[in-house]
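Just structure33.cif here, mmCIF, C-alpha atoms:
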```cif
data_work
#
loop_
_atom_site.label_atom_id
_atom_site.label_comp_id
_atom_site.auth_asym_id
_atom_site.auth_seq_id
_atom_site.Cartn_x
_atom_site.Cartn_y
_atom_site.Cartn_z
CA MET A 243 136.20 136.01 113.35
CA VAL A 244 135.59 132.96 115.50
CA ILE A 245 135.31 133.16 119.28
CA GLN A 246 136.54 130.11 121.18
CA THR A 247 134.51 129.34 124.29
CA GLY A 248 135.86 126.16 125.82
CA LYS A 249 135.11 123.24 123.49
CA TYR A 250 132.56 125.34 121.59
CA SER A 251 133.10 128.05 119.04
CA MET A 252 130.77 130.46 117.30
CA ARG A 253 131.10 133.11 114.68
CA TYR A 254 131.34 136.64 116.03
CA GLN A 255 128.13 137.67 114.22
CA GLU A 256 126.21 134.88 115.97
CA PHE A 257 127.68 135.77 119.36
CA ASN A 258 126.98 139.45 118.82
CA LYS A 259 123.32 138.73 117.99
CA THR A 260 122.81 136.53 121.03
CA GLN A 261 124.65 138.71 123.54
CA ALA A 262 123.93 142.17 122.04
CA ILE A 263 127.52 143.26 122.55
CA ARG A 264 128.27 146.90 121.86
CA GLU A 265 131.97 147.50 122.06
CA GLY A 266 131.87 151.18 121.21
CA MET A 267 129.72 154.26 120.99
CA SER A 268 129.58 156.88 118.26
CA PHE A 269 128.83 160.55 118.89
CA SER A 270 126.61 162.38 116.42
CA ALA A 271 124.33 165.38 115.93
CA ARG A 272 120.68 164.63 115.17
CA LYS A 273 117.54 166.42 114.07
CA TYR A 274 114.28 165.68 115.85
CA ASP A 275 111.20 164.99 113.71
CA LYS A 276 108.16 165.78 115.89
CA GLU A 277 105.66 164.10 113.54
CA LYS A 278 107.48 160.75 113.58
CA ASN A 279 108.96 161.18 117.05
CA LEU A 280 112.40 160.15 115.71
CA TYR A 281 115.91 161.58 115.66
CA TYR A 282 117.68 161.57 112.29
CA PRO A 283 121.48 161.87 112.06
CA VAL A 284 122.87 164.94 110.34
CA THR A 285 126.51 164.08 111.09
CA GLY A 286 128.41 160.81 111.19
CA ASP A 287 125.95 158.89 109.06
CA GLN A 288 128.31 158.16 106.16
CA ASP A 289 130.13 154.85 105.98
CA LYS A 290 133.91 155.09 105.71
CA TYR A 291 134.23 152.61 102.84
CA GLU A 292 132.40 151.63 99.68
CA PRO A 293 129.06 149.83 100.31
CA ASP A 294 130.30 146.38 99.19
CA PHE A 295 132.92 146.42 101.97
CA TYR A 296 130.16 145.87 104.54
CA LYS A 297 128.83 142.70 102.92
CA ARG A 298 129.59 139.36 104.55
CA ASP A 299 131.55 137.99 101.59
CA TRP A 300 134.10 140.83 101.31
CA PRO A 301 137.48 139.26 100.39
CA TYR A 302 139.92 139.54 103.30
CA ASP A 303 142.82 140.48 101.03
CA LYS A 304 141.11 143.27 99.08
CA THR A 305 141.68 146.89 100.07
CA PRO A 306 138.36 148.80 100.14
CA LYS A 307 137.81 152.11 98.40
CA GLN A 308 137.13 155.14 100.56
CA ASN A 309 133.57 156.56 100.42
CA PRO A 310 133.93 160.06 98.89
CA ASP A 311 131.10 161.35 101.14
CA TYR A 312 132.85 160.26 104.35
CA ASN A 313 134.14 163.12 106.50
CA PRO A 314 136.46 162.05 109.36
CA GLU A 315 135.68 165.29 111.27
CA GLU A 316 132.12 164.00 111.72
CA ASP A 317 133.14 160.55 112.96
CA LEU A 318 133.91 160.00 116.64
CA SER A 319 133.78 156.51 118.09
CA LEU A 320 135.04 155.67 121.54
CA SER A 321 134.88 152.53 123.62
CA ASN A 322 131.82 152.31 125.85
CA ALA A 323 133.92 153.01 128.94
CA ASN A 324 135.73 155.97 127.40
CA MET A 325 132.51 157.54 126.09
CA ARG A 326 130.96 157.22 129.53
CA GLU A 327 134.00 158.83 131.16
CA VAL A 328 134.09 161.75 128.72
CA MET A 329 130.33 162.37 128.97
CA ASP A 330 130.58 162.14 132.77
CA ALA A 331 133.34 164.79 132.71
CA LEU A 332 130.79 167.05 130.98
CA GLY A 333 128.09 166.16 133.51
CA TYR A 334 126.03 163.91 131.23
CA ASP A 335 125.01 160.28 131.19
CA ALA A 336 126.34 158.61 128.03
CA GLU A 337 122.82 157.56 127.02
CA ASP A 338 121.41 161.12 127.24
CA THR A 339 119.97 162.89 124.21
CA ILE A 340 121.17 166.46 124.75
CA PRO A 341 119.95 169.70 123.15
CA VAL A 342 122.70 170.84 120.78
CA ASP A 343 122.97 174.40 122.16
CA GLU A 344 123.23 173.14 125.74
CA PHE A 345 125.95 170.68 124.73
CA ILE A 346 127.96 173.32 122.84
CA GLY A 347 127.77 175.57 125.91
CA LYS A 348 128.96 172.86 128.31
CA ALA A 349 131.71 171.71 125.96
CA THR A 350 132.93 175.30 125.53
CA GLN A 351 132.89 175.84 129.30
CA PHE A 352 134.81 172.58 129.86
CA LEU A 353 137.45 173.54 127.30
CA LYS A 354 137.84 177.08 128.69
CA GLN A 355 138.32 175.69 132.21
CA SER A 356 140.92 173.27 130.83
CA ILE A 357 143.19 175.90 129.29
CA GLY A 358 146.66 175.13 130.61
CA LYS A 359 145.33 172.14 132.60
CA GLN A 360 145.31 169.07 130.36
CA SER A 361 143.83 165.88 131.74
CA PRO A 362 146.66 163.73 133.12
CA ALA A 363 147.98 160.70 131.31
CA GLN A 364 146.70 157.38 132.59
CA PRO A 365 149.03 154.34 132.37
CA ASP A 366 147.99 151.00 130.94
CA GLN A 367 146.69 148.54 133.52
CA ILE A 368 147.04 144.79 133.16
CA ASP A 369 144.99 142.48 135.36
CA ARG A 370 146.31 138.93 135.08
CA ARG A 371 144.03 136.11 136.18
CA GLN A 372 145.17 132.88 137.76
CA GLY A 373 145.02 130.08 135.20
CA GLY A 374 145.63 132.34 132.21
CA GLY A 375 144.13 135.32 130.54
CA ALA A 376 144.63 138.96 131.21
CA PHE A 377 142.45 142.04 131.03
CA ILE A 378 144.24 145.01 129.55
CA ASP A 379 142.90 148.51 130.13
CA ALA A 380 144.70 150.75 127.68
CA GLY A 381 145.67 154.03 129.29
CA LYS A 382 145.02 157.51 127.99
CA PRO A 383 147.50 160.13 126.83
CA GLU A 384 147.70 163.55 128.44
CA GLY A 385 144.86 165.78 127.23
CA TYR A 386 142.65 162.86 126.15
CA TYR A 387 139.46 164.40 127.56
CA GLN A 388 140.11 167.80 125.98
CA LYS A 389 140.77 166.20 122.60
CA ALA A 390 137.55 164.13 122.77
CA VAL A 391 135.43 167.09 123.91
CA MET A 392 136.93 169.26 121.16
CA ALA A 393 135.95 166.64 118.55
CA MET A 394 132.44 166.40 120.04
CA SER A 395 132.08 170.17 120.02
CA LYS A 396 133.07 170.30 116.36
CA ILE A 397 130.51 167.61 115.49
CA ALA A 398 127.82 169.50 117.45
CA ARG A 399 128.64 172.76 115.63
CA ILE A 400 128.62 171.12 112.19
CA GLY A 401 125.33 169.48 113.10
CA LYS A 402 123.79 172.73 114.34
CA ALA A 403 124.67 174.38 111.04
CA ARG A 404 122.75 171.55 109.32
CA GLY A 405 119.69 171.90 111.53
CA ALA A 406 120.51 169.46 114.33
CA THR A 407 118.49 169.85 117.49
CA HIS A 408 120.32 167.33 119.70
CA VAL A 409 123.52 165.33 120.12
CA THR A 410 123.81 161.78 121.35
CA ALA A 411 126.20 158.87 121.81
CA ILE A 412 124.90 155.54 120.55
#
```
Starting from the coordinates I provided, produce the structure as structure tokens.
Amino acid sequence: MVIQTGKYSMRYQEFNKTQAIREGMSFSARKYDKEKNLYYPVTGDQDKYEPDFYKRDWPYDKTPKQNPDYNPEEDLSLSNANMREVMDALGYDAEDTIPVDEFIGKATQFLKQSIGKQSPAQPDQIDRRQGGGAFIDAGKPEGYYQKAVMAMSKIARIGKARGATHVTAI
């Protein structure tokens, strides 16, 4: 992918390295290692496709093979803005590392309070700029927050069963 910036252009990988762009956040359960002072993922750490797919020279017209260890129930990625909104609805900052039991409790409470009261749909918003270009904010369907929190809760519960101590969005 090449990004055009006026008369200059640069490959996406180069731009991403220089600007440290993170377009999305993934939610996962992690286990804390006190000796190393590190969190290790216990959910969501499997790539979706075969390892060669992630190499720079992957042919654009070749369909990758699915990784047999990949479990879609453990994979939740949202845009930065959406992750922040969902975590805020639960009372957390998106960058928090949260104890797994606390998170499961808050998620359960949120879902119980939402029974019969789905989050409202939000329409798409288009902000057109003079001289060209437009910013498009894709809306959300009814119940978006409940669906996201349900997926997070499932990941937290799977993680807890595997020894996770915390959950986080990175």
For the interface of region 314-339 of chain A with region 376-395 of chain A (cut-off 9 Å, counting only C-alpha atoms), please tabulate each contacting residue of region 314-339 of chain A alongside its nearest pair of atoms and their separation in Å to one decimal, rows sorted by chain and increasing number, as a tab-separated table.
```
residue	atom	partner	partner_atom	distance
A:Glu315	CA	A:Ala393	CA	7.4
A:Glu316	CA	A:Ala393	CA	8.3
A:Asp317	CA	A:Ala393	CA	8.7
A:Leu318	CA	A:Ala393	CA	7.2
A:Leu320	CA	A:Ala390	CA	8.9
A:Met325	CA	A:Ala390	CA	8.9
A:Glu327	CA	A:Tyr387	CA	8.6
A:Val328	CA	A:Tyr387	CA	6.1
A:Met329	CA	A:Val391	CA	8.6
A:Ala331	CA	A:Tyr387	CA	8.0
A:Leu332	CA	A:Val391	CA	8.5
```
Spell out the residues picked by the PyMOL selection byres ((chain A and resi 401) around 8) here, as a compact mmCIF listing (two decimals) with C-alpha atoms, in the coordinates of the input.
```txt
# COMPACT_ATOMS: atom_id res chain seq x y z
CA SER A 270 126.61 162.38 116.42
CA ALA A 271 124.33 165.38 115.93
CA ARG A 272 120.68 164.63 115.17
CA VAL A 284 122.87 164.94 110.34
CA THR A 285 126.51 164.08 111.09
CA ILE A 397 130.51 167.61 115.49
CA ALA A 398 127.82 169.50 117.45
CA ARG A 399 128.64 172.76 115.63
CA ILE A 400 128.62 171.12 112.19
CA LYS A 402 123.79 172.73 114.34
CA ALA A 403 124.67 174.38 111.04
CA ARG A 404 122.75 171.55 109.32
CA GLY A 405 119.69 171.90 111.53
CA ALA A 406 120.51 169.46 114.33
```
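When CA of Thr410 (chain A) is paired with CA of Lys273 (chain A), their separation reads 10.7 Å.
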>> So the first atom is CA of Val342 (chain A) and the second is CA of Met267 (chain A); what is the distance between them in Å, to one decimal place?
In response: 18.0 Å
> the PyMOL selection byres ((chain A and resi 309) around 9) on the file shown: which residues, as a list in words?
Replying inline: Gln288, Asp289, Lys290, Tyr291, Glu292, Pro293, Lys307, Gln308, Pro310, Asp311, Tyr312 and Asn313 of chain A
Serialized selection, C-alpha atoms, as a compact mmCIF listing (two decimals), keeping the file's coordinate frame:
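Listing of result-v6.txt after writing:
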```txt
# COMPACT_ATOMS: atom_id res chain seq x y z
CA GLN A 288 128.31 158.16 106.16
CA ASP A 289 130.13 154.85 105.98
CA LYS A 290 133.91 155.09 105.71
CA TYR A 291 134.23 152.61 102.84
CA GLU A 292 132.40 151.63 99.68
CA PRO A 293 129.06 149.83 100.31
CA LYS A 307 137.81 152.11 98.40
CA GLN A 308 137.13 155.14 100.56
CA PRO A 310 133.93 160.06 98.89
CA ASP A 311 131.10 161.35 101.14
CA TYR A 312 132.85 160.26 104.35
CA ASN A 313 134.14 163.12 106.50
```
>> Need to verify the contact set: Arg326 (chain A), 7 Å, only C-alpha atoms, exclusion of same-chain residues closer than 3 positions in sequence. Can you return it as a list in words?
In response: Asn322, Ala323, Met329, Asp330, Asp335 and Ala336 of chain A
Export of the given selection (C-alpha atoms) as a CSV table (one decimal), in the coordinates of the input:
```csv
chain,number,residue,atom,x,y,z
A,322,ASN,CA,131.8,152.3,125.8
A,323,ALA,CA,133.9,153.0,128.9
A,329,MET,CA,130.3,162.4,129.0
A,330,ASP,CA,130.6,162.1,132.8
A,335,ASP,CA,125.0,160.3,131.2
A,336,ALA,CA,126.3,158.6,128.0
```
> Quick one, how far is CA of Thr305 (chain A) from CA of Gly286 (chain A)?
Replying inline: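 Result for CA of Thr305 (chain A) versus CA of Gly286 (chain A): 22.2 Å, one decimal.
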>> Which residues are close to Ile340 (chain A), i.e. within 9 Å by all atoms listed in the file, leaving aside same-chain residues fewer than 4 positions away? Reply as a ChimeraX atom specification.
In response: /A:334,344-345,407-410
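Distances to Asp287 (chain A) were evaluated for A:Gln351, A:Ser268, A:Ser321, A:Gln367 using all atoms listed in the file, and the minimum falls at A:Ser268.
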Mind giving me the axis-aligned box for region 358-365 of chain A with 5 Å on every side, centre plus edges in Å to one decimal, as AutoDock Vina command-line options?
```
--center_x 146.4 --center_y 164.7 --center_z 131.7 --size_x 15.2 --size_y 30.8 --size_z 12.8
```
